[in-house]
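model.pdb, holding PDB, C-alpha atoms:
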```pdb
ATOM      1  CA  MET A   1     -35.652 -48.561 -18.074
ATOM      2  CA  ALA A   2     -37.951 -45.662 -18.855
ATOM      3  CA  LEU A   3     -36.844 -43.970 -15.610
ATOM      4  CA  SER A   4     -33.150 -44.339 -16.428
ATOM      5  CA  LYS A   5     -33.745 -42.855 -19.878
ATOM      6  CA  LEU A   6     -35.611 -39.949 -18.330
ATOM      7  CA  LEU A   7     -32.817 -39.310 -15.848
ATOM      8  CA  GLY A   8     -30.258 -39.539 -18.635
ATOM      9  CA  ALA A   9     -32.198 -37.040 -20.709
ATOM     10  CA  LEU A  10     -32.443 -34.644 -17.742
ATOM     11  CA  CYS A  11     -28.704 -34.893 -17.104
ATOM     12  CA  ALA A  12     -27.957 -34.256 -20.763
ATOM     13  CA  ALA A  13     -30.289 -31.262 -20.767
ATOM     14  CA  THR A  14     -28.553 -29.879 -17.691
ATOM     15  CA  VAL A  15     -25.133 -30.238 -19.291
ATOM     16  CA  LEU A  16     -26.326 -28.540 -22.475
ATOM     17  CA  SER A  17     -27.970 -25.765 -20.435
ATOM     18  CA  SER A  18     -24.758 -25.180 -18.456
ATOM     19  CA  ALA A  19     -22.711 -25.130 -21.641
ATOM     20  CA  ALA A  20     -25.077 -22.651 -23.240
ATOM     21  CA  TYR A  21     -24.996 -20.475 -20.118
ATOM     22  CA  ALA A  22     -21.214 -20.494 -20.022
ATOM     23  CA  GLU A  23     -21.007 -19.570 -23.707
ATOM     24  CA  GLY A  24     -23.487 -16.720 -23.408
ATOM     25  CA  TYR A  25     -22.405 -15.228 -20.064
ATOM     26  CA  PRO A  26     -22.379 -12.321 -19.651
ATOM     27  CA  ASP A  27     -24.787 -10.904 -22.181
ATOM     28  CA  ARG A  28     -25.723  -7.707 -20.304
ATOM     29  CA  GLN A  29     -24.235  -5.356 -17.740
ATOM     30  CA  ILE A  30     -23.284  -6.560 -14.262
ATOM     31  CA  THR A  31     -23.868  -4.658 -11.027
ATOM     32  CA  MET A  32     -21.040  -4.665  -8.496
ATOM     33  CA  VAL A  33     -22.358  -3.607  -5.095
ATOM     34  CA  VAL A  34     -19.906  -1.794  -2.829
ATOM     35  CA  PRO A  35     -21.336  -1.690   0.708
ATOM     36  CA  PHE A  36     -19.688   1.637   1.532
ATOM     37  CA  SER A  37     -19.963   5.230   0.360
ATOM     38  CA  ALA A  38     -18.571   6.519  -2.920
ATOM     39  CA  GLY A  39     -15.052   7.886  -2.766
ATOM     40  CA  GLY A  40     -13.962   5.664   0.113
ATOM     41  CA  PRO A  41     -11.057   3.177  -0.035
ATOM     42  CA  THR A  42     -13.195   0.132  -0.903
ATOM     43  CA  ASP A  43     -14.984   2.114  -3.600
ATOM     44  CA  THR A  44     -11.604   3.102  -5.048
ATOM     45  CA  VAL A  45     -10.526  -0.537  -5.302
ATOM     46  CA  ALA A  46     -13.876  -1.570  -6.787
ATOM     47  CA  ARG A  47     -13.881   1.016  -9.562
ATOM     48  CA  LEU A  48     -10.312   0.214 -10.452
ATOM     49  CA  VAL A  49     -10.918  -3.519 -10.998
ATOM     50  CA  ALA A  50     -14.459  -3.104 -12.369
ATOM     51  CA  GLU A  51     -13.211  -1.056 -15.313
ATOM     52  CA  ARG A  52     -10.596  -3.623 -16.325
ATOM     53  CA  MET A  53     -12.895  -6.602 -15.709
ATOM     54  CA  SER A  54     -15.510  -4.957 -17.923
ATOM     55  CA  ALA A  55     -13.050  -4.832 -20.797
ATOM     56  CA  ASP A  56     -12.303  -8.537 -20.458
ATOM     57  CA  LEU A  57     -15.945  -9.585 -20.040
ATOM     58  CA  GLY A  58     -17.209  -7.491 -22.923
ATOM     59  CA  GLN A  59     -19.970  -6.112 -20.715
ATOM     60  CA  GLN A  60     -19.869  -3.143 -18.379
ATOM     61  CA  ILE A  61     -19.716  -3.611 -14.623
ATOM     62  CA  ILE A  62     -21.654  -0.835 -12.922
ATOM     63  CA  VAL A  63     -20.523   0.020  -9.377
ATOM     64  CA  GLU A  64     -23.436   0.667  -7.013
ATOM     65  CA  ASN A  65     -22.725   2.103  -3.569
ATOM     66  CA  VAL A  66     -25.064   0.763  -0.881
ATOM     67  CA  GLY A  67     -23.586   2.100   2.356
ATOM     68  CA  GLY A  68     -24.765   1.725   5.927
ATOM     69  CA  ALA A  69     -24.555  -0.554   8.949
ATOM     70  CA  GLY A  70     -20.863  -1.298   8.552
ATOM     71  CA  GLY A  71     -21.303  -2.795   5.099
ATOM     72  CA  THR A  72     -24.084  -5.196   6.054
ATOM     73  CA  LEU A  73     -26.832  -3.417   4.092
ATOM     74  CA  GLY A  74     -25.043  -3.845   0.782
ATOM     75  CA  ALA A  75     -23.973  -7.391   1.572
ATOM     76  CA  GLY A  76     -27.551  -8.259   2.508
ATOM     77  CA  GLN A  77     -28.829  -6.809  -0.759
ATOM     78  CA  VAL A  78     -26.511  -9.083  -2.722
ATOM     79  CA  ALA A  79     -27.380 -12.095  -0.558
ATOM     80  CA  ASP A  80     -31.035 -11.573  -1.542
ATOM     81  CA  ALA A  81     -30.335 -10.861  -5.217
ATOM     82  CA  GLU A  82     -31.087 -13.263  -8.050
ATOM     83  CA  ALA A  83     -28.302 -15.815  -8.358
ATOM     84  CA  ASP A  84     -27.663 -15.324 -12.065
ATOM     85  CA  GLY A  85     -24.187 -13.813 -12.097
ATOM     86  CA  TYR A  86     -25.371 -10.279 -12.790
ATOM     87  CA  THR A  87     -25.173  -8.992  -9.209
ATOM     88  CA  ILE A  88     -21.888  -9.303  -7.335
ATOM     89  CA  LEU A  89     -20.383  -7.861  -4.159
ATOM     90  CA  LEU A  90     -16.967  -6.368  -3.489
ATOM     91  CA  HIS A  91     -16.431  -6.308   0.276
ATOM     92  CA  HIS A  92     -13.449  -6.029   2.572
ATOM     93  CA  ILE A  93     -12.420  -7.663   5.855
ATOM     94  CA  GLY A  94     -15.804  -6.629   7.298
ATOM     95  CA  MET A  95     -17.265  -9.684   5.583
ATOM     96  CA  ALA A  96     -15.426 -11.750   8.208
ATOM     97  CA  THR A  97     -15.892  -9.517  11.249
ATOM     98  CA  SER A  98     -19.629  -9.022  10.697
ATOM     99  CA  ALA A  99     -20.143 -12.672  11.636
ATOM    100  CA  THR A 100     -19.324 -11.747  15.246
ATOM    101  CA  LEU A 101     -19.978  -7.997  15.374
ATOM    102  CA  TYR A 102     -23.651  -8.248  14.402
ATOM    103  CA  ARG A 103     -25.853 -10.382  16.613
ATOM    104  CA  ASN A 104     -28.885 -10.093  14.319
ATOM    105  CA  LEU A 105     -27.256 -10.363  10.919
ATOM    106  CA  ALA A 106     -29.838 -10.953   8.183
ATOM    107  CA  TYR A 107     -27.542 -13.188   6.125
ATOM    108  CA  ASP A 108     -24.813 -15.767   6.599
ATOM    109  CA  PRO A 109     -21.370 -14.336   5.666
ATOM    110  CA  LEU A 110     -20.418 -17.835   4.529
ATOM    111  CA  GLY A 111     -23.613 -18.137   2.502
ATOM    112  CA  PHE A 112     -22.241 -16.715  -0.744
ATOM    113  CA  GLU A 113     -20.471 -18.008  -3.808
ATOM    114  CA  TYR A 114     -16.864 -16.874  -4.209
ATOM    115  CA  VAL A 115     -15.009 -15.171  -7.058
ATOM    116  CA  GLY A 116     -11.599 -14.306  -5.615
ATOM    117  CA  LEU A 117      -9.376 -12.037  -3.553
ATOM    118  CA  VAL A 118      -8.584  -8.627  -5.007
ATOM    119  CA  THR A 119      -5.974  -6.954  -2.803
ATOM    120  CA  GLU A 120      -4.757  -6.542   0.752
ATOM    121  CA  VAL A 121      -4.476  -2.844   1.589
ATOM    122  CA  PRO A 122      -2.113  -1.664   4.347
ATOM    123  CA  MET A 123      -3.341   0.742   6.984
ATOM    124  CA  VAL A 124      -1.627   3.780   8.439
ATOM    125  CA  VAL A 125      -2.114   5.533  11.777
ATOM    126  CA  VAL A 126      -2.598   9.195  10.838
ATOM    127  CA  ALA A 127      -3.406  12.366  12.746
ATOM    128  CA  ARG A 128      -4.245  16.010  12.238
ATOM    129  CA  LYS A 129      -1.124  17.737  10.996
ATOM    130  CA  ASP A 130      -0.663  19.844  14.142
ATOM    131  CA  LEU A 131      -0.923  17.028  16.708
ATOM    132  CA  GLU A 132       1.957  17.400  19.170
ATOM    133  CA  PRO A 133       3.768  13.991  19.107
ATOM    134  CA  THR A 134       6.641  13.759  16.643
ATOM    135  CA  ASP A 135       6.979   9.952  16.431
ATOM    136  CA  PHE A 136       4.973   6.802  17.069
ATOM    137  CA  ALA A 137       6.384   6.169  20.562
ATOM    138  CA  SER A 138       5.478   9.650  21.783
ATOM    139  CA  PHE A 139       2.111   9.357  20.031
ATOM    140  CA  ILE A 140       1.282   6.228  22.058
ATOM    141  CA  GLU A 141       2.242   8.014  25.283
ATOM    142  CA  TYR A 142       0.171  11.029  24.250
ATOM    143  CA  VAL A 143      -2.930   8.898  23.666
ATOM    144  CA  LYS A 144      -2.510   7.157  27.026
ATOM    145  CA  ALA A 145      -2.025  10.447  28.884
ATOM    146  CA  ASN A 146      -5.010  12.106  27.178
ATOM    147  CA  LYS A 147      -7.353   9.119  26.883
ATOM    148  CA  ASP A 148     -10.343  11.070  28.213
ATOM    149  CA  THR A 149     -10.063  13.864  25.656
ATOM    150  CA  VAL A 150      -8.202  12.523  22.612
ATOM    151  CA  THR A 151     -10.535  11.546  19.767
ATOM    152  CA  MET A 152     -10.170   8.793  17.187
ATOM    153  CA  ALA A 153     -12.382   8.898  14.108
ATOM    154  CA  ASN A 154     -13.739   5.832  12.344
ATOM    155  CA  ALA A 155     -16.184   5.098   9.542
ATOM    156  CA  GLY A 156     -18.678   3.287  11.789
ATOM    157  CA  ILE A 157     -18.925  -0.105  13.452
ATOM    158  CA  GLY A 158     -17.485  -2.815  11.252
ATOM    159  CA  ALA A 159     -15.515  -0.415   9.063
ATOM    160  CA  ALA A 160     -11.799  -1.056   8.577
ATOM    161  CA  SER A 161     -10.942   2.059  10.572
ATOM    162  CA  HIS A 162     -13.099   0.816  13.453
ATOM    163  CA  LEU A 163     -11.414  -2.600  13.464
ATOM    164  CA  CYS A 164      -7.963  -1.027  13.463
ATOM    165  CA  GLY A 165      -9.037   1.197  16.340
ATOM    166  CA  MET A 166     -10.102  -1.836  18.371
ATOM    167  CA  LEU A 167      -6.709  -3.431  17.783
ATOM    168  CA  PHE A 168      -4.972  -0.213  18.862
ATOM    169  CA  GLN A 169      -6.970   0.043  22.090
ATOM    170  CA  SER A 170      -6.223  -3.586  22.853
ATOM    171  CA  ALA A 171      -2.518  -3.225  22.014
ATOM    172  CA  ILE A 172      -1.961  -0.252  24.342
ATOM    173  CA  ASP A 173      -4.512  -1.462  26.917
ATOM    174  CA  THR A 174      -6.217   1.926  26.896
ATOM    175  CA  GLN A 175      -9.789   2.957  26.142
ATOM    176  CA  PHE A 176     -10.149   6.366  24.506
ATOM    177  CA  VAL A 177     -12.884   8.414  22.854
ATOM    178  CA  THR A 178     -13.951   7.165  19.407
ATOM    179  CA  VAL A 179     -16.073   9.194  16.997
ATOM    180  CA  PRO A 180     -18.037   7.174  14.413
ATOM    181  CA  TYR A 181     -18.901   8.672  11.032
ATOM    182  CA  LYS A 182     -21.074   7.547   8.142
ATOM    183  CA  GLY A 183     -18.140   6.660   5.955
ATOM    184  CA  THR A 184     -14.433   7.340   5.615
ATOM    185  CA  GLY A 185     -14.969  10.478   3.535
ATOM    186  CA  PRO A 186     -16.563  12.599   6.289
ATOM    187  CA  ALA A 187     -14.151  11.158   8.859
ATOM    188  CA  MET A 188     -11.174  12.267   6.772
ATOM    189  CA  THR A 189     -12.769  15.671   6.190
ATOM    190  CA  ASP A 190     -12.988  16.293   9.934
ATOM    191  CA  LEU A 191      -9.449  15.010  10.466
ATOM    192  CA  LEU A 192      -8.208  17.456   7.848
ATOM    193  CA  GLY A 193     -10.193  20.198   9.571
ATOM    194  CA  GLY A 194      -8.829  19.339  13.007
ATOM    195  CA  GLN A 195     -12.208  18.382  14.484
ATOM    196  CA  VAL A 196     -10.796  14.954  15.491
ATOM    197  CA  ASP A 197      -7.268  14.013  16.500
ATOM    198  CA  PHE A 198      -6.409  10.822  14.657
ATOM    199  CA  MET A 199      -7.635   7.754  12.821
ATOM    200  CA  CYS A 200      -6.365   4.511  11.308
ATOM    201  CA  ASP A 201      -7.202   4.072   7.646
ATOM    202  CA  GLN A 202      -6.187   2.363   4.434
ATOM    203  CA  THR A 203      -3.421   3.721   2.242
ATOM    204  CA  THR A 204      -5.928   3.959  -0.600
ATOM    205  CA  ASN A 205      -7.563   6.766   1.386
ATOM    206  CA  THR A 206      -4.561   8.384   3.078
ATOM    207  CA  THR A 207      -1.637   8.350   0.623
ATOM    208  CA  GLN A 208      -2.413  11.624  -1.146
ATOM    209  CA  GLN A 209      -3.003  13.495   2.129
ATOM    210  CA  ILE A 210       0.203  12.131   3.673
ATOM    211  CA  GLN A 211       2.212  13.049   0.592
ATOM    212  CA  GLY A 212       0.590  16.493   0.539
ATOM    213  CA  GLY A 213       1.403  17.121   4.193
ATOM    214  CA  THR A 214      -2.206  17.785   5.135
ATOM    215  CA  ILE A 215      -2.160  14.993   7.738
ATOM    216  CA  LYS A 216       0.624  13.440   9.830
ATOM    217  CA  ALA A 217       1.514   9.741   9.564
ATOM    218  CA  TYR A 218       2.857   7.806  12.571
ATOM    219  CA  ALA A 219       3.041   4.117  11.629
ATOM    220  CA  ALA A 220       2.032   1.447   9.122
ATOM    221  CA  THR A 221       0.141  -1.645  10.290
ATOM    222  CA  THR A 222       2.289  -3.992   8.188
ATOM    223  CA  PRO A 223       5.105  -6.393   9.127
ATOM    224  CA  GLU A 224       7.512  -4.475   6.853
ATOM    225  CA  ARG A 225       7.786  -0.815   5.923
ATOM    226  CA  LEU A 226       5.785   0.339   2.933
ATOM    227  CA  SER A 227       7.706   0.966  -0.276
ATOM    228  CA  ILE A 228       5.663   4.098  -0.852
ATOM    229  CA  PHE A 229       6.607   5.414   2.622
ATOM    230  CA  PRO A 230      10.029   3.896   3.393
ATOM    231  CA  ASP A 231      10.690   6.300   6.267
ATOM    232  CA  LEU A 232       7.443   5.445   8.047
ATOM    233  CA  PRO A 233       7.979   2.907  10.865
ATOM    234  CA  THR A 234       5.735  -0.099  11.381
ATOM    235  CA  VAL A 235       3.568  -0.688  14.436
ATOM    236  CA  ALA A 236       5.851  -3.620  15.296
ATOM    237  CA  GLU A 237       8.824  -1.241  15.430
ATOM    238  CA  GLY A 238       6.812   0.666  18.010
ATOM    239  CA  GLY A 239       6.289  -2.488  20.043
ATOM    240  CA  LEU A 240       2.730  -3.158  18.858
ATOM    241  CA  ALA A 241       3.099  -6.202  16.602
ATOM    242  CA  GLN A 242      -0.385  -7.340  17.692
ATOM    243  CA  MET A 243      -1.763  -4.316  15.838
ATOM    244  CA  GLU A 244      -0.658  -5.591  12.432
ATOM    245  CA  VAL A 245      -3.591  -5.771   9.996
ATOM    246  CA  ALA A 246      -4.196  -5.486   6.256
ATOM    247  CA  ILE A 247      -7.639  -4.861   4.818
ATOM    248  CA  TRP A 248      -8.235  -7.592   2.271
ATOM    249  CA  HIS A 249     -10.951  -7.312  -0.358
ATOM    250  CA  GLY A 250     -12.852 -10.047  -2.151
ATOM    251  CA  ILE A 251     -15.618 -10.467  -4.712
ATOM    252  CA  TYR A 252     -18.712 -12.575  -3.959
ATOM    253  CA  ALA A 253     -21.941 -13.614  -5.675
ATOM    254  CA  PRO A 254     -25.313 -14.738  -4.282
ATOM    255  CA  LYS A 255     -25.574 -18.351  -3.140
ATOM    256  CA  GLY A 256     -26.558 -20.566  -6.048
ATOM    257  CA  THR A 257     -24.871 -18.484  -8.742
ATOM    258  CA  PRO A 258     -23.760 -20.937 -11.474
ATOM    259  CA  ALA A 259     -20.135 -22.010 -11.250
ATOM    260  CA  GLU A 260     -19.746 -21.032 -14.904
ATOM    261  CA  ALA A 261     -20.430 -17.407 -13.909
ATOM    262  CA  THR A 262     -18.132 -17.299 -10.877
ATOM    263  CA  GLU A 263     -15.352 -18.979 -12.837
ATOM    264  CA  ARG A 264     -15.738 -16.504 -15.708
ATOM    265  CA  LEU A 265     -15.709 -13.602 -13.243
ATOM    266  CA  SER A 266     -12.646 -15.049 -11.534
ATOM    267  CA  ALA A 267     -10.832 -15.287 -14.876
ATOM    268  CA  ALA A 268     -11.710 -11.649 -15.611
ATOM    269  CA  LEU A 269     -10.508 -10.649 -12.146
ATOM    270  CA  GLN A 270      -7.171 -12.378 -12.706
ATOM    271  CA  MET A 271      -6.789 -10.559 -16.021
ATOM    272  CA  ALA A 272      -7.576  -7.241 -14.334
ATOM    273  CA  LEU A 273      -5.080  -7.780 -11.533
ATOM    274  CA  ALA A 274      -2.331  -8.603 -14.051
ATOM    275  CA  ASP A 275      -2.971  -5.400 -16.003
ATOM    276  CA  GLU A 276      -0.024  -2.989 -15.861
ATOM    277  CA  GLY A 277      -2.343  -0.004 -15.415
ATOM    278  CA  VAL A 278      -4.056  -1.623 -12.432
ATOM    279  CA  ILE A 279      -0.729  -2.632 -10.911
ATOM    280  CA  LYS A 280       0.594   0.937 -11.209
ATOM    281  CA  ALA A 281      -2.605   2.512  -9.907
ATOM    282  CA  MET A 282      -2.559   0.243  -6.860
ATOM    283  CA  ALA A 283       1.143   0.931  -6.285
ATOM    284  CA  ASP A 284       0.400   4.647  -6.279
ATOM    285  CA  LEU A 285      -2.117   3.941  -3.507
ATOM    286  CA  GLY A 286       0.334   1.938  -1.439
ATOM    287  CA  THR A 287      -0.978  -1.521  -2.242
ATOM    288  CA  ALA A 288      -0.681  -4.327  -4.810
ATOM    289  CA  PRO A 289      -3.045  -6.756  -6.578
ATOM    290  CA  SER A 290      -3.547 -10.233  -5.173
ATOM    291  CA  PRO A 291      -1.554 -12.887  -7.066
ATOM    292  CA  ALA A 292      -3.488 -15.028  -9.559
ATOM    293  CA  ALA A 293      -3.480 -17.988  -7.158
ATOM    294  CA  ASP A 294      -5.459 -15.892  -4.640
ATOM    295  CA  ALA A 295      -7.912 -14.428  -7.165
ATOM    296  CA  THR A 296      -9.867 -17.679  -7.123
ATOM    297  CA  PRO A 297     -13.057 -18.938  -5.446
ATOM    298  CA  ALA A 298     -11.165 -21.492  -3.319
ATOM    299  CA  ALA A 299      -8.630 -18.951  -2.031
ATOM    300  CA  LEU A 300     -11.310 -16.427  -1.060
ATOM    301  CA  LYS A 301     -13.365 -19.085   0.719
ATOM    302  CA  ALA A 302     -10.336 -20.207   2.738
ATOM    303  CA  LYS A 303      -9.436 -16.591   3.583
ATOM    304  CA  LEU A 304     -12.937 -15.761   4.793
ATOM    305  CA  GLU A 305     -13.156 -18.840   6.991
ATOM    306  CA  SER A 306      -9.751 -18.209   8.578
ATOM    307  CA  GLU A 307     -10.476 -14.523   9.177
ATOM    308  CA  ILE A 308     -13.820 -15.230  10.868
ATOM    309  CA  ALA A 309     -11.924 -17.516  13.258
ATOM    310  CA  ARG A 310      -9.206 -14.897  13.817
ATOM    311  CA  TRP A 311     -11.491 -11.958  14.608
ATOM    312  CA  LYS A 312     -14.090 -13.755  16.727
ATOM    313  CA  PRO A 313     -12.042 -13.772  19.982
ATOM    314  CA  ILE A 314     -10.773 -10.206  19.377
ATOM    315  CA  ILE A 315     -14.293  -8.809  19.000
ATOM    316  CA  GLU A 316     -15.647 -10.854  21.889
ATOM    317  CA  ALA A 317     -12.833  -9.605  24.150
ATOM    318  CA  ALA A 318     -13.595  -5.999  23.164
ATOM    319  CA  GLY A 319     -17.288  -6.526  23.900
ATOM    320  CA  VAL A 320     -18.341  -4.378  20.944
ATOM    321  CA  TYR A 321     -21.493  -5.509  19.173
ATOM    322  CA  ALA A 322     -24.147  -4.044  16.909
ATOM    323  CA  ASP A 323     -27.748  -5.093  16.377
TER     324      ASP A 323
END
```
Entire entry expressed as structure tokens:
Amino acid sequence: MALSKLLGALCAATVLSSAAYAEGYPDRQITMVVPFSAGGPTDTVARLVAERMSADLGQQIIVENVGGAGGTLGAGQVADAEADGYTILLHHIGMATSATLYRNLAYDPLGFEYVGLVTEVPMVVVARKDLEPTDFASFIEYVKANKDTVTMANAGIGAASHLCGMLFQSAIDTQFVTVPYKGTGPAMTDLLGGQVDFMCDQTTNTTQQIQGGTIKAYAATTPERLSIFPDLPTVAEGGLAQMEVAIWHGIYAPKGTPAEATERLSAALQMALADEGVIKAMADLGTAPSPAADATPAALKAKLESEIARWKPIIEAAGVYAD
């Protein structure tokens, strides 16, 4: 009898503690870790939603860039952080591919709590503005004919641009020279300067340059043409449907973070993604917010699990790994 009373008291205390936590959270600023450099496409998405989420939460979300190792350094930092709801991670598709790409990963990509999906960003195959081919078909032939000298930039192993490059090589059954950079920013700088020939990157990082005519666009990696670039063909129109990919982004928290915190963050995320200013800003970057049904812990968990399964055979077939 005494034991049952004790257990009852403990359960009641837990319920009261959870209720108090939920009522008081958040009571200080939150750090959102972005595992890539400032100014890149993932950073752009993060700062956009962080500002609106901050307004809803009543506490500021500070974006901290922790780049390196294809996003695994920042993800590892969050995995090791205190599970109190005050450190979160905004990561892209690399959260799924790292499970296979890195043979000595210091954390389990599935070992996080989930907040929700943020957006799926299309990618575009772009090149230096003076590259010879005039359309996607001739571009493919050009790459095949010059595979020993043509250069494709990427933001490092595990980056979205690297993953798209792997799909391209597989789709045209051709290995060409790839040039890794420490982030999308320097890769784009060298593309603009003509030091590399082409790259595949997210619309959040290429739209302004395409519109300004400083780089040349060949194809979008989406099933349908992009509303922002209606005249740009898709990779499927060029016969490369297997190259279709969108770079989805999600928000995570350390394992053990109270459900009250992740649910509150998810609610703030849904509010942010429904904001007219966020919708317009994303549209200007060639993307759109995830619907409310996807900005949930369950939807992000399901997406991550399915994407790990999708990319595992692709990466294994390419034989590209990192320590």
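The closest residue to Pro297 of chain A, picked from A:Lys182, A:Arg225, A:Arg264, A:Arg128 and counting all atoms listed in the file, is A:Arg264.
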Next on the checklist: Between A:Ala217, A:Ala236, A:Ala261, A:Ala295, which residue has the minimum interatomic distance to Phe139 of chain A, considering only C-alpha atoms?
Outcome noted: A:Ala217
Checklist entry - Could you name the residues that touch Lys216 of chain A at 8 Å or less, counting all atoms listed in the file, but leaving out those on the same chain fewer than 3 positions away, as a PyMOL selection string? => result chain A and resi 126-131+210+213
Closest-contact table, segment 220-252 of chain A side, partner segment 271-287 of chain A, 12 Å, counting all atoms listed in the file, as CSV:
```
residue,atom,partner,partner_atom,distance
A:Ala220,CA,A:Gly286,CA,10.7
A:Thr222,CA,A:Thr287,CA,11.2
A:Arg225,CA,A:Gly286,CA,10.8
A:Leu226,CA,A:Gly286,CA,7.2
A:Ser227,CA,A:Gly286,CA,7.5
A:Ile228,CA,A:Gly286,CA,5.8
A:Phe229,CA,A:Gly286,CA,8.2
A:Pro230,CA,A:Gly286,CA,11.0
A:Ala246,CA,A:Thr287,CA,9.9
A:Ile247,CA,A:Thr287,CA,10.3
A:Trp248,CA,A:Thr287,CA,10.5
A:His249,CA,A:Thr287,CA,11.7
```
Checklist entry - Applied to this file, what does the PyMOL selection byres ((chain A and resi 89) around 10) return in terms of residues, put as a PyMOL selection string? => result chain A and resi 31-35+46+63-64+74-79+87-88+90-92+112+114-115+250-254
Emit the selected residues as a compact mmCIF listing (two decimals), in the frame of the given file, including C-alpha atoms.
```txt
# COMPACT_ATOMS: atom_id res chain seq x y z
CA THR A 31 -23.87 -4.66 -11.03
CA MET A 32 -21.04 -4.66 -8.50
CA VAL A 33 -22.36 -3.61 -5.10
CA VAL A 34 -19.91 -1.79 -2.83
CA PRO A 35 -21.34 -1.69 0.71
CA ALA A 46 -13.88 -1.57 -6.79
CA VAL A 63 -20.52 0.02 -9.38
CA GLU A 64 -23.44 0.67 -7.01
CA GLY A 74 -25.04 -3.84 0.78
CA ALA A 75 -23.97 -7.39 1.57
CA GLY A 76 -27.55 -8.26 2.51
CA GLN A 77 -28.83 -6.81 -0.76
CA VAL A 78 -26.51 -9.08 -2.72
CA ALA A 79 -27.38 -12.10 -0.56
CA THR A 87 -25.17 -8.99 -9.21
CA ILE A 88 -21.89 -9.30 -7.34
CA LEU A 90 -16.97 -6.37 -3.49
CA HIS A 91 -16.43 -6.31 0.28
CA HIS A 92 -13.45 -6.03 2.57
CA PHE A 112 -22.24 -16.72 -0.74
CA TYR A 114 -16.86 -16.87 -4.21
CA VAL A 115 -15.01 -15.17 -7.06
CA GLY A 250 -12.85 -10.05 -2.15
CA ILE A 251 -15.62 -10.47 -4.71
CA TYR A 252 -18.71 -12.58 -3.96
CA ALA A 253 -21.94 -13.61 -5.68
CA PRO A 254 -25.31 -14.74 -4.28
```
Next on the checklist: I need the output of the PyMOL selection byres ((chain A and resi 54) around 12) for this file as a ChimeraX atom specification; which residues are they?
Outcome noted: /A:26-32,46-53,55-63,264-265,267-269,271-272
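Going from atom CA of Leu101 of chain A over to atom CA of Ala322 of chain A, you cover 5.9 Å.
Summary of the local environment: counting all atoms listed in the file, residues at most 7 Å from segment 201-203 of chain A, other than itself and those fewer than 4 positions away along its chain, are Pro41, Val121, Pro122, Met123, Val124, Val125, Ala160, Ser161, Thr207, Leu285 and Gly286 of chain A.
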What would the file look like if the residues just selected were written as an mmCIF file, in the coordinates of the input with C-alpha atoms?
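Now in selection_30.cif:
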```cif
data_model
loop_
_atom_site.group_PDB
_atom_site.id
_atom_site.type_symbol
_atom_site.label_atom_id
_atom_site.label_comp_id
_atom_site.auth_asym_id
_atom_site.auth_seq_id
_atom_site.Cartn_x
_atom_site.Cartn_y
_atom_site.Cartn_z
ATOM 1 C CA PRO A 41 -11.057 3.177 -0.035
ATOM 2 C CA VAL A 121 -4.476 -2.844 1.589
ATOM 3 C CA PRO A 122 -2.113 -1.664 4.347
ATOM 4 C CA MET A 123 -3.341 0.742 6.984
ATOM 5 C CA VAL A 124 -1.627 3.780 8.439
ATOM 6 C CA VAL A 125 -2.114 5.533 11.777
ATOM 7 C CA ALA A 160 -11.799 -1.056 8.577
ATOM 8 C CA SER A 161 -10.942 2.059 10.572
ATOM 9 C CA THR A 207 -1.637 8.350 0.623
ATOM 10 C CA LEU A 285 -2.117 3.941 -3.507
ATOM 11 C CA GLY A 286 0.334 1.938 -1.439
#
```
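The gap separating atom CA of Ile172 of chain A from atom CA of Asp148 of chain A is 14.6 Å, in Å to one decimal.
Distances from A:Thr97, A:Ser37, A:Thr72, A:Thr189 to Pro313 of chain A were compared using all atoms listed in the file, and the smallest one belongs to A:Thr97.
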